[in-house]
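Asks: Got a structure for you, work_8.cif, holding mmCIF, C-alpha atoms.
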```cif
data_upload
loop_
_atom_site.label_atom_id
_atom_site.label_comp_id
_atom_site.auth_asym_id
_atom_site.auth_seq_id
_atom_site.Cartn_x
_atom_site.Cartn_y
_atom_site.Cartn_z
CA MET A 1 43.23 -6.67 -0.41
CA HIS A 2 42.76 -4.08 -3.13
CA GLU A 3 39.52 -5.72 -4.34
CA SER A 4 38.15 -6.10 -0.80
CA LEU A 5 38.91 -2.50 0.12
CA THR A 6 37.28 -1.30 -3.11
CA VAL A 7 34.05 -3.16 -2.34
CA ILE A 8 34.08 -1.95 1.29
CA GLY A 9 34.61 1.61 0.06
CA ILE A 10 31.64 1.39 -2.33
CA ILE A 11 29.44 -0.02 0.44
CA LEU A 12 30.45 2.79 2.80
CA ILE A 13 29.57 5.36 0.14
CA GLY A 14 26.19 3.66 -0.24
CA MET A 15 25.63 3.73 3.53
CA ALA A 16 26.48 7.43 3.65
CA LEU A 17 24.04 8.22 0.85
CA ARG A 18 21.30 6.07 2.41
CA SER A 19 21.60 8.04 5.65
CA CYS A 20 20.90 11.36 3.88
CA ARG A 21 17.58 13.11 4.40
CA ARG A 22 16.98 13.94 0.76
CA ARG A 23 15.18 11.16 -1.08
CA ILE A 24 17.25 11.49 -4.26
CA PHE A 25 20.47 10.73 -2.35
CA ARG A 26 18.88 7.69 -0.69
CA LYS A 27 17.89 6.37 -4.11
CA ILE A 28 21.42 6.92 -5.38
CA GLY A 29 22.65 5.02 -2.31
CA ALA A 30 20.47 2.04 -3.30
CA LEU A 31 22.04 2.11 -6.77
CA VAL A 32 25.50 2.19 -5.17
CA TYR A 33 24.62 -1.02 -3.27
CA LEU A 34 23.73 -2.64 -6.60
CA LEU A 35 27.05 -1.43 -7.99
CA ALA A 36 28.84 -3.06 -5.05
CA SER A 37 27.23 -6.44 -5.80
CA GLY A 38 28.21 -6.16 -9.47
CA THR A 39 31.76 -5.24 -8.49
CA VAL A 40 32.03 -8.36 -6.32
CA VAL A 41 30.98 -10.56 -9.24
CA TYR A 42 33.45 -8.79 -11.54
CA PHE A 43 36.36 -9.31 -9.15
CA ILE A 44 35.46 -13.00 -8.83
CA SER A 45 34.79 -13.73 -12.52
CA GLY A 46 36.56 -10.95 -14.40
CA ASN A 47 33.54 -10.93 -16.71
CA ILE A 48 31.91 -7.51 -17.24
CA PRO A 49 28.63 -8.77 -18.87
CA LEU A 50 28.20 -11.28 -16.02
CA SER A 51 28.72 -8.57 -13.40
CA ILE A 52 26.13 -6.36 -15.11
CA ALA A 53 23.69 -9.28 -15.29
CA SER A 54 24.20 -9.96 -11.57
CA ILE A 55 22.90 -6.46 -10.79
CA PHE A 56 19.62 -7.16 -12.59
CA VAL A 57 19.22 -10.45 -10.70
CA TRP A 58 18.09 -8.42 -7.68
CA PHE A 59 14.99 -7.32 -9.60
CA PHE A 60 13.97 -10.94 -10.18
CA LEU A 61 14.30 -12.04 -6.56
CA PRO A 62 10.57 -11.34 -5.86
CA TRP A 63 9.79 -14.31 -8.12
CA ILE A 64 11.06 -16.61 -5.36
CA GLU A 65 8.16 -15.57 -3.12
CA LEU A 66 5.74 -15.27 -6.04
CA GLY A 67 6.50 -18.78 -7.23
CA THR A 68 6.30 -20.35 -3.77
CA ARG A 69 4.05 -18.63 -1.22
CA VAL A 70 1.91 -16.32 -3.38
CA ARG A 71 1.18 -18.91 -6.07
CA LYS A 72 -0.32 -21.20 -3.41
CA LEU A 73 -2.53 -18.52 -1.83
CA ARG A 74 -6.27 -19.18 -1.90
CA LEU A 75 -8.30 -16.12 -0.92
CA PRO A 76 -12.07 -15.81 -0.28
CA LEU A 77 -14.34 -14.23 -2.87
CA GLU A 78 -16.52 -12.95 -0.02
CA ASN A 79 -14.93 -11.40 3.05
CA HIS A 80 -16.96 -9.79 5.83
CA LEU A 81 -15.85 -7.25 8.39
CA ASN A 82 -16.37 -8.14 12.04
CA GLU A 83 -17.24 -5.43 14.53
CA GLU A 84 -14.81 -5.21 17.43
CA ARG A 85 -13.43 -2.83 20.01
CA SER A 86 -10.58 -0.52 19.12
CA PRO A 87 -7.24 -2.26 19.87
CA ARG A 88 -4.50 -0.88 22.04
CA LEU A 89 -2.31 1.51 20.10
CA GLN A 90 1.04 0.90 21.80
CA GLN A 91 2.28 -0.89 18.68
CA PHE A 92 0.96 1.88 16.43
CA PRO A 93 2.23 5.26 17.70
CA GLU A 94 1.58 6.86 14.30
CA ALA A 95 -2.06 5.70 14.44
CA ALA A 96 -2.51 7.22 17.91
CA HIS A 97 -1.16 10.52 16.59
CA ASN A 98 -3.54 10.40 13.60
CA ILE A 99 -6.56 9.73 15.83
CA ASP A 100 -5.65 12.68 18.07
CA GLU A 101 -5.35 14.89 15.00
CA LEU A 102 -8.71 13.68 13.65
CA GLU A 103 -10.39 14.68 16.89
CA THR A 104 -8.73 18.10 16.63
CA LEU A 105 -10.14 18.45 13.10
CA ASP A 106 -13.67 17.62 14.43
CA PHE A 107 -13.90 14.21 12.81
CA GLU A 108 -16.32 11.91 14.62
CA HIS A 109 -15.48 8.30 15.40
CA SER A 110 -18.04 5.97 13.84
CA SER A 111 -17.10 2.33 14.38
CA ASP A 112 -14.34 -0.29 14.49
CA TYR A 113 -14.17 -3.38 12.29
CA SER A 114 -11.59 -5.99 11.33
CA TRP A 115 -10.96 -8.88 8.97
CA ASP A 116 -8.16 -11.22 7.93
CA TRP A 117 -6.75 -10.73 4.46
CA ALA A 118 -3.96 -12.91 2.98
CA GLY A 119 -2.64 -13.81 6.42
CA SER A 120 -2.72 -10.22 7.64
CA ALA A 121 -5.01 -9.10 10.48
CA GLN A 122 -6.43 -5.69 9.51
CA HIS A 123 -8.35 -3.36 11.82
CA TYR A 124 -10.28 -0.35 10.55
CA SER A 125 -11.29 2.63 12.70
CA PHE A 126 -13.79 4.77 10.78
CA PHE A 127 -14.08 8.54 11.27
CA TRP A 128 -16.36 10.87 9.34
CA HIS A 129 -17.04 14.57 8.92
CA PRO A 130 -20.44 15.63 7.49
CA GLU A 131 -19.32 19.11 6.40
CA GLU A 132 -16.24 17.73 4.66
CA ARG A 133 -18.29 14.85 3.15
CA THR A 134 -15.29 12.66 3.86
CA VAL A 135 -14.51 9.40 5.64
CA VAL A 136 -11.06 8.81 7.13
CA THR A 137 -10.07 5.23 7.93
CA VAL A 138 -7.17 4.59 10.29
CA CYS A 139 -5.95 1.11 9.35
CA LEU A 140 -3.86 -1.14 11.61
CA CYS A 141 -2.13 -4.17 10.08
CA LYS A 142 -0.44 -7.12 11.80
CA GLN A 143 1.38 -9.90 9.98
CA THR A 144 3.59 -12.27 11.98
CA ASN A 145 6.11 -9.93 13.65
CA VAL A 146 5.38 -6.91 11.45
CA ALA A 147 2.93 -4.18 12.50
CA PHE A 148 2.22 -0.88 10.76
CA SER A 149 -0.58 1.63 10.27
CA TYR A 150 -1.77 3.90 7.48
CA VAL A 151 -4.60 6.30 6.73
CA THR A 152 -7.09 6.28 3.84
CA ILE A 153 -9.29 9.29 3.01
CA SER A 154 -12.40 8.53 0.94
CA SER A 155 -15.08 10.61 -0.76
CA ARG A 156 -17.93 9.26 -2.89
CA ALA A 157 -19.54 11.19 -5.71
CA CYS A 158 -23.19 10.98 -6.74
CA ASP A 159 -22.16 9.50 -10.11
CA GLY A 160 -20.51 6.50 -8.38
CA LYS A 161 -16.93 7.77 -8.58
CA ILE A 162 -14.82 7.07 -5.48
CA TYR A 163 -11.84 9.29 -4.64
CA ARG A 164 -9.23 7.85 -2.30
CA THR A 165 -6.05 9.33 -0.86
CA SER A 166 -3.80 7.01 1.14
CA ASN A 167 -0.31 6.75 2.57
CA PHE A 168 -0.42 2.95 2.37
CA PRO A 169 3.30 2.08 2.16
CA PHE A 170 3.00 -0.55 -0.59
CA SER A 171 1.50 -0.83 -4.05
CA SER A 172 -1.90 -2.45 -4.35
CA THR A 173 -1.96 -6.24 -4.74
CA LEU A 174 -5.12 -6.01 -6.88
CA LYS A 175 -6.05 -3.64 -9.67
CA ASN A 176 -8.38 -0.85 -8.64
CA SER A 177 -11.82 -0.90 -10.22
CA PRO A 178 -12.52 1.78 -12.86
CA ALA A 179 -14.75 3.68 -10.41
CA VAL A 180 -11.86 4.29 -7.98
CA ALA A 181 -9.45 7.19 -8.43
CA TRP A 182 -6.38 6.53 -6.27
CA ASN A 183 -4.07 9.21 -4.89
CA GLN A 184 -0.88 7.77 -3.37
CA ILE A 185 0.92 10.11 -0.98
CA ALA A 186 4.18 9.70 0.93
CA CYS A 187 4.23 7.33 3.91
CA ARG A 188 5.46 10.12 6.17
CA HIS A 189 3.15 12.93 5.12
CA CYS A 190 3.63 16.05 7.25
CA SER A 191 0.17 16.06 8.83
CA LEU A 192 -3.32 14.71 8.39
CA GLU A 193 -4.54 18.21 7.65
CA GLN A 194 -2.14 18.42 4.71
CA SER A 195 -3.28 14.97 3.57
CA LEU A 196 -6.87 16.25 3.52
CA GLU A 197 -5.78 19.25 1.44
CA SER A 198 -4.02 16.87 -0.95
CA HIS A 199 -7.25 14.86 -1.18
CA LYS A 200 -9.32 17.93 -2.06
CA HIS A 201 -6.80 19.01 -4.68
CA PHE A 202 -6.83 15.48 -6.13
CA ILE A 203 -10.65 15.53 -6.49
CA LYS A 204 -10.47 18.82 -8.41
CA LYS A 205 -7.61 17.47 -10.54
CA LYS A 206 -9.78 14.49 -11.51
CA GLY A 207 -12.66 16.75 -12.54
CA GLY A 208 -14.75 16.23 -9.41
CA SER A 209 -16.43 18.89 -7.31
CA PHE A 210 -17.36 19.23 -3.67
CA ASP A 211 -21.04 19.82 -4.51
CA ASN A 212 -21.19 16.43 -6.25
CA LEU A 213 -19.91 14.52 -3.20
CA MET A 214 -22.33 12.39 -1.19
CA MET A 215 -22.89 12.78 2.53
CA PRO A 216 -21.32 9.75 4.29
CA ASP A 217 -23.62 7.41 6.20
CA PRO A 218 -21.73 6.28 9.34
CA ASP A 219 -24.05 3.27 9.78
CA ILE A 220 -23.03 1.55 6.54
CA LEU A 221 -19.32 2.32 6.24
CA ASN A 222 -18.40 -1.34 6.77
CA GLU A 223 -20.90 -2.42 4.09
CA GLU A 224 -19.36 0.03 1.63
CA VAL A 225 -15.89 -1.44 2.25
CA GLU A 226 -17.20 -4.98 1.72
CA ASN A 227 -19.01 -3.96 -1.48
CA ASP A 228 -15.91 -2.12 -2.78
CA MET A 229 -13.88 -5.29 -2.27
CA ARG A 230 -16.46 -7.37 -4.15
CA VAL A 231 -16.38 -4.92 -7.07
CA GLN A 232 -12.57 -4.93 -7.07
CA ILE A 233 -12.42 -8.74 -7.06
CA ARG A 234 -14.96 -8.89 -9.89
CA HIS A 235 -12.86 -6.41 -11.91
CA ASN A 236 -9.70 -8.46 -11.37
CA LEU A 237 -11.53 -11.63 -12.43
CA ASP A 238 -12.64 -9.87 -15.63
CA THR A 239 -9.10 -8.66 -16.39
CA GLY A 240 -7.52 -12.08 -15.74
CA ILE A 241 -5.43 -11.05 -12.73
CA ILE A 242 -7.11 -13.72 -10.59
CA THR A 243 -9.06 -16.91 -11.31
CA ILE A 244 -11.67 -18.87 -9.34
CA THR A 245 -10.54 -22.16 -7.78
CA ASP A 246 -12.54 -25.36 -7.32
CA ASN A 247 -13.34 -24.59 -3.66
CA GLY A 248 -14.95 -21.23 -4.46
CA LYS A 249 -11.95 -19.09 -3.62
CA PHE A 250 -9.60 -17.26 -5.96
CA ARG A 251 -5.90 -17.41 -6.74
CA TYR A 252 -3.50 -15.33 -8.79
CA SER A 253 -3.09 -16.33 -12.44
CA PHE A 254 0.28 -16.13 -14.19
CA ARG A 255 -0.79 -12.73 -15.46
CA GLY A 256 -1.59 -11.80 -11.87
CA LEU A 257 1.86 -12.94 -10.69
CA CYS A 258 3.42 -10.73 -13.37
CA PHE A 259 1.24 -7.85 -12.14
CA LEU A 260 2.45 -8.44 -8.57
CA TRP A 261 6.06 -8.56 -9.76
CA LYS A 262 5.66 -5.13 -11.36
CA GLN A 263 4.16 -3.88 -8.11
CA PHE A 264 7.15 -5.29 -6.18
CA ILE A 265 9.54 -3.48 -8.52
CA LYS A 266 7.62 -0.22 -8.11
CA ASP A 267 7.92 -0.57 -4.34
CA MET A 268 11.64 -1.33 -4.57
CA ILE A 269 12.17 1.88 -6.56
CA ARG A 270 9.73 4.04 -4.57
CA LEU A 271 10.83 2.92 -1.11
CA SER A 272 14.55 2.89 -1.82
#
```
As structure tokens, what does this structure read like?
Replies:
Amino acid sequence: MHESLTVIGIILIGMALRSCRRRIFRKIGALVYLLASGTVVYFISGNIPLSIASIFVWFFLPWIELGTRVRKLRLPLENHLNEERSPRLQQFPEAAHNIDELETLDFEHSSDYSWDWAGSAQHYSFFWHPEERTVVTVCLCKQTNVAFSYVTISSRACDGKIYRTSNFPFSSTLKNSPAVAWNQIACRHCSLEQSLESHKHFIKKKGGSFDNLMMPDPDILNEEVENDMRVQIRHNLDTGIITITDNGKFRYSFRGLCFLWKQFIKDMIRLS
């Protein structure tokens, strides 16, 4: 009973910390859960090194999916956006809020496109603001029973540099091309207006200037996304993250699987 009550007590402490508002306490709560799993192994085996090793096993669990589903993925080298009507937003309340805020900030809706990527249906609603020289994309994602939305803010400089700010909740599954400067912000950013301020500050931090930004062309926003994806795929081919298959598609190399594993670990730490 003593061992069981000890484990239950540790788990309850972890639950209490995970329910806190401050992020640091939630992260400590995740570590307490790991401690609970190590304690269980120690009580069963009486072996301290084994109990410590069991904690680190959690960080290698992503290899189960990497070695089964991801390793078998075959993705197209060329992917084209299809124009479609804006979907209903009942499943995406955060997206509806963002669109309302964009209209308040005088952003103009340009177009709606979608494509399928790695088994995920992705819809893009493009908004642009000529004075801000900025494009905001409200992205809706559906994969099996999971649905979520995020926002990406983009500005393009005359020298080819692309500045992006996004609250995409996961790390990128491909390396960004050298021309892209990526600014990751919290999933639950206070407001879109604050996200835009963060984007402007990020451009200045990277040595860019507003005067050097290009005016967006609302008629070719989908073509820019397609071209950016081609450039990114080409960069990942050059760096060995992906390789071309016999049927003209690409798959992740072993180096690419290791890259994805590091991205999984970053998400585990960041989202905990």
Asks: Hey, can you check how far atom CA of A:Ile203 sits from atom CA of A:Asn183?
Replies: 9.3 Å
Asks: Check what the PyMOL selection byres ((chain A and resi 229-241) around 12) selects in the file above and give those residues as a CSV table (one decimal) with C-alpha atoms, in the coordinates of the input.
Replies:
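Once written, expr16.csv looks like this:
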```csv
chain,number,residue,atom,x,y,z
A,75,LEU,CA,-8.3,-16.1,-0.9
A,76,PRO,CA,-12.1,-15.8,-0.3
A,77,LEU,CA,-14.3,-14.2,-2.9
A,78,GLU,CA,-16.5,-13.0,0.0
A,79,ASN,CA,-14.9,-11.4,3.0
A,80,HIS,CA,-17.0,-9.8,5.8
A,81,LEU,CA,-15.8,-7.2,8.4
A,117,TRP,CA,-6.8,-10.7,4.5
A,172,SER,CA,-1.9,-2.4,-4.4
A,173,THR,CA,-2.0,-6.2,-4.7
A,174,LEU,CA,-5.1,-6.0,-6.9
A,175,LYS,CA,-6.0,-3.6,-9.7
A,176,ASN,CA,-8.4,-0.8,-8.6
A,177,SER,CA,-11.8,-0.9,-10.2
A,178,PRO,CA,-12.5,1.8,-12.9
A,179,ALA,CA,-14.8,3.7,-10.4
A,180,VAL,CA,-11.9,4.3,-8.0
A,222,ASN,CA,-18.4,-1.3,6.8
A,223,GLU,CA,-20.9,-2.4,4.1
A,224,GLU,CA,-19.4,0.0,1.6
A,225,VAL,CA,-15.9,-1.4,2.2
A,226,GLU,CA,-17.2,-5.0,1.7
A,227,ASN,CA,-19.0,-4.0,-1.5
A,228,ASP,CA,-15.9,-2.1,-2.8
A,242,ILE,CA,-7.1,-13.7,-10.6
A,243,THR,CA,-9.1,-16.9,-11.3
A,244,ILE,CA,-11.7,-18.9,-9.3
A,245,THR,CA,-10.5,-22.2,-7.8
A,249,LYS,CA,-12.0,-19.1,-3.6
A,250,PHE,CA,-9.6,-17.3,-6.0
A,251,ARG,CA,-5.9,-17.4,-6.7
A,252,TYR,CA,-3.5,-15.3,-8.8
A,253,SER,CA,-3.1,-16.3,-12.4
A,254,PHE,CA,0.3,-16.1,-14.2
A,255,ARG,CA,-0.8,-12.7,-15.5
A,256,GLY,CA,-1.6,-11.8,-11.9
A,257,LEU,CA,1.9,-12.9,-10.7
A,258,CYS,CA,3.4,-10.7,-13.4
A,259,PHE,CA,1.2,-7.8,-12.1
A,260,LEU,CA,2.4,-8.4,-8.6
```
Asks: List the neighbours of stretch 140-152 of chain A out to 8 Å using only C-alpha atoms; skip same-chain residues closer than 6 positions along the sequence, and give me the result as an MDAnalysis selection string.
Replies: chainID A and resid 91:92 94:95 119:124 164:169 187
Asks: Which distance in Å separates atom CA of A:Val136 and atom CA of A:Phe107, to one decimal?
Replies: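 Result for atom CA of A:Val136 versus atom CA of A:Phe107: 8.3 Å, one decimal.
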Asks: Rounded to one decimal in Å, what is the spacing between atom CA of A:Glu83 and atom CA of A:Asp106?
Replies: 23.3 Å
Asks: Using the chain letters and numbering of this document, enumerate as a PDB file with C-alpha atoms, in the frame of the given file the residues selected by the PyMOL selection byres ((chain A and resi 212-221) around 12).
Replies:
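part_39.pdb, freshly written:
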```pdb
ATOM      1  CA  LEU A  81     -15.850  -7.250   8.390  1.00  0.00           C
ATOM      2  CA  GLU A  83     -17.240  -5.430  14.530  1.00  0.00           C
ATOM      3  CA  PHE A 107     -13.900  14.210  12.810  1.00  0.00           C
ATOM      4  CA  GLU A 108     -16.320  11.910  14.620  1.00  0.00           C
ATOM      5  CA  HIS A 109     -15.480   8.300  15.400  1.00  0.00           C
ATOM      6  CA  SER A 110     -18.040   5.970  13.840  1.00  0.00           C
ATOM      7  CA  SER A 111     -17.100   2.330  14.380  1.00  0.00           C
ATOM      8  CA  ASP A 112     -14.340  -0.290  14.490  1.00  0.00           C
ATOM      9  CA  TYR A 113     -14.170  -3.380  12.290  1.00  0.00           C
ATOM     10  CA  TYR A 124     -10.280  -0.350  10.550  1.00  0.00           C
ATOM     11  CA  SER A 125     -11.290   2.630  12.700  1.00  0.00           C
ATOM     12  CA  PHE A 126     -13.790   4.770  10.780  1.00  0.00           C
ATOM     13  CA  PHE A 127     -14.080   8.540  11.270  1.00  0.00           C
ATOM     14  CA  TRP A 128     -16.360  10.870   9.340  1.00  0.00           C
ATOM     15  CA  HIS A 129     -17.040  14.570   8.920  1.00  0.00           C
ATOM     16  CA  PRO A 130     -20.440  15.630   7.490  1.00  0.00           C
ATOM     17  CA  GLU A 131     -19.320  19.110   6.400  1.00  0.00           C
ATOM     18  CA  GLU A 132     -16.240  17.730   4.660  1.00  0.00           C
ATOM     19  CA  ARG A 133     -18.290  14.850   3.150  1.00  0.00           C
ATOM     20  CA  THR A 134     -15.290  12.660   3.860  1.00  0.00           C
ATOM     21  CA  VAL A 135     -14.510   9.400   5.640  1.00  0.00           C
ATOM     22  CA  VAL A 136     -11.060   8.810   7.130  1.00  0.00           C
ATOM     23  CA  THR A 137     -10.070   5.230   7.930  1.00  0.00           C
ATOM     24  CA  SER A 154     -12.400   8.530   0.940  1.00  0.00           C
ATOM     25  CA  SER A 155     -15.080  10.610  -0.760  1.00  0.00           C
ATOM     26  CA  ARG A 156     -17.930   9.260  -2.890  1.00  0.00           C
ATOM     27  CA  ALA A 157     -19.540  11.190  -5.710  1.00  0.00           C
ATOM     28  CA  CYS A 158     -23.190  10.980  -6.740  1.00  0.00           C
ATOM     29  CA  ASP A 159     -22.160   9.500 -10.110  1.00  0.00           C
ATOM     30  CA  GLY A 160     -20.510   6.500  -8.380  1.00  0.00           C
ATOM     31  CA  LYS A 161     -16.930   7.770  -8.580  1.00  0.00           C
ATOM     32  CA  ILE A 162     -14.820   7.070  -5.480  1.00  0.00           C
ATOM     33  CA  TYR A 163     -11.840   9.290  -4.640  1.00  0.00           C
ATOM     34  CA  LYS A 200      -9.320  17.930  -2.060  1.00  0.00           C
ATOM     35  CA  ILE A 203     -10.650  15.530  -6.490  1.00  0.00           C
ATOM     36  CA  LYS A 204     -10.470  18.820  -8.410  1.00  0.00           C
ATOM     37  CA  GLY A 207     -12.660  16.750 -12.540  1.00  0.00           C
ATOM     38  CA  GLY A 208     -14.750  16.230  -9.410  1.00  0.00           C
ATOM     39  CA  SER A 209     -16.430  18.890  -7.310  1.00  0.00           C
ATOM     40  CA  PHE A 210     -17.360  19.230  -3.670  1.00  0.00           C
ATOM     41  CA  ASP A 211     -21.040  19.820  -4.510  1.00  0.00           C
ATOM     42  CA  ASN A 222     -18.400  -1.340   6.770  1.00  0.00           C
ATOM     43  CA  GLU A 223     -20.900  -2.420   4.090  1.00  0.00           C
ATOM     44  CA  GLU A 224     -19.360   0.030   1.630  1.00  0.00           C
ATOM     45  CA  VAL A 225     -15.890  -1.440   2.250  1.00  0.00           C
ATOM     46  CA  GLU A 226     -17.200  -4.980   1.720  1.00  0.00           C
ATOM     47  CA  ASN A 227     -19.010  -3.960  -1.480  1.00  0.00           C
ATOM     48  CA  ASP A 228     -15.910  -2.120  -2.780  1.00  0.00           C
TER      49      ASP A 228
END
```
Asks: Find the residues around A:Leu105 up to 10 Å (all atoms listed in the file counted), leave out those fewer than 6 positions away in its own chain, and share them as a list in words.
Replies: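 Counting all atoms listed in the file, the residues come to Ile99, His129, Leu192 and Glu193 of chain A.
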Asks: Which residue gives the smallest distance to A:Arg74 among A:Gly14, A:Ile24, A:Val41, A:Gly248, with all atoms listed in the file counted?
Replies: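 So, comparing all the options, the nearest one is A:Gly248.
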Asks: Evaluating the PyMOL selection byres ((chain A and resi 3-7) around 8) on the displayed file yields which residues, as a ChimeraX atom specification?
Replies: /A:1-2,8-11,36,39-40,43
Asks: Just checking: using all atoms listed in the file, which residue out of A:Leu73, A:Leu66, A:Cys20, A:Val138 ends up closest to A:His97?
Replies: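 Looking only at the distances to A:His97, the closest residue turns out to be A:Val138.
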Asks: I need the residue nearest A:Phe264 from this list: A:Ile55, A:Ile48, A:Leu31, A:Leu61. Use all atoms listed in the file for the distance.
Replies: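 Checking each candidate against A:Phe264, we get A:Leu61 as the closest.
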Asks: Measuring between all atoms listed in the file, which one of A:Ser54, A:Ala118, A:Thr104, A:Ser37 shows the shortest distance to A:Lys72?
Replies: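 Checking each candidate against A:Lys72, we get A:Ala118 as the closest.
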Asks: Could you check the closest approach to A:Met15 for each of A:Pro49, A:Gly38, A:Gly29, A:Pro62 and tell me which residue wins, using all atoms listed in the file?
Replies: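 Closest to A:Met15, using all atoms listed in the file: A:Gly29.
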Asks: Missing atoms in stretch 252-263 of chain A need filling: write out N, CA, C and O atoms for it as a short mmCIF file (atom, residue, chain, number, x, y, z; two decimals), in the coordinates of the input.
Replies:
```
data_model
loop_
_atom_site.label_atom_id
_atom_site.label_comp_id
_atom_site.auth_asym_id
_atom_site.auth_seq_id
_atom_site.Cartn_x
_atom_site.Cartn_y
_atom_site.Cartn_z
N TYR A 252 -4.10 -16.16 -7.77
CA TYR A 252 -3.50 -15.33 -8.79
C TYR A 252 -3.15 -16.18 -10.02
O TYR A 252 -2.58 -17.27 -9.90
N SER A 253 -3.49 -15.69 -11.19
CA SER A 253 -3.09 -16.33 -12.44
C SER A 253 -1.64 -15.96 -12.74
O SER A 253 -1.02 -15.15 -12.02
N PHE A 254 -1.08 -16.52 -13.81
CA PHE A 254 0.28 -16.13 -14.19
C PHE A 254 0.33 -14.65 -14.52
O PHE A 254 1.30 -13.96 -14.18
N ARG A 255 -0.71 -14.16 -15.17
CA ARG A 255 -0.79 -12.73 -15.46
C ARG A 255 -0.83 -11.94 -14.16
O ARG A 255 -0.22 -10.87 -14.05
N GLY A 256 -1.53 -12.47 -13.17
CA GLY A 256 -1.59 -11.80 -11.87
C GLY A 256 -0.25 -11.79 -11.17
O GLY A 256 0.12 -10.80 -10.52
N LEU A 257 0.51 -12.89 -11.28
CA LEU A 257 1.86 -12.94 -10.69
C LEU A 257 2.77 -11.92 -11.35
O LEU A 257 3.58 -11.27 -10.68
N CYS A 258 2.63 -11.75 -12.67
CA CYS A 258 3.42 -10.73 -13.37
C CYS A 258 3.03 -9.33 -12.91
O CYS A 258 3.88 -8.45 -12.74
N PHE A 259 1.72 -9.14 -12.67
CA PHE A 259 1.24 -7.85 -12.14
C PHE A 259 1.85 -7.58 -10.77
O PHE A 259 2.32 -6.47 -10.48
N LEU A 260 1.86 -8.60 -9.90
CA LEU A 260 2.45 -8.44 -8.57
C LEU A 260 3.94 -8.16 -8.65
O LEU A 260 4.48 -7.37 -7.86
N TRP A 261 4.62 -8.81 -9.60
CA TRP A 261 6.06 -8.56 -9.76
C TRP A 261 6.32 -7.10 -10.11
O TRP A 261 7.22 -6.47 -9.56
N LYS A 262 5.51 -6.55 -11.01
CA LYS A 262 5.66 -5.13 -11.36
C LYS A 262 5.39 -4.24 -10.16
O LYS A 262 6.06 -3.21 -9.97
N GLN A 263 4.43 -4.64 -9.32
CA GLN A 263 4.16 -3.88 -8.11
C GLN A 263 5.34 -3.95 -7.14
O GLN A 263 5.68 -2.94 -6.49
#
```
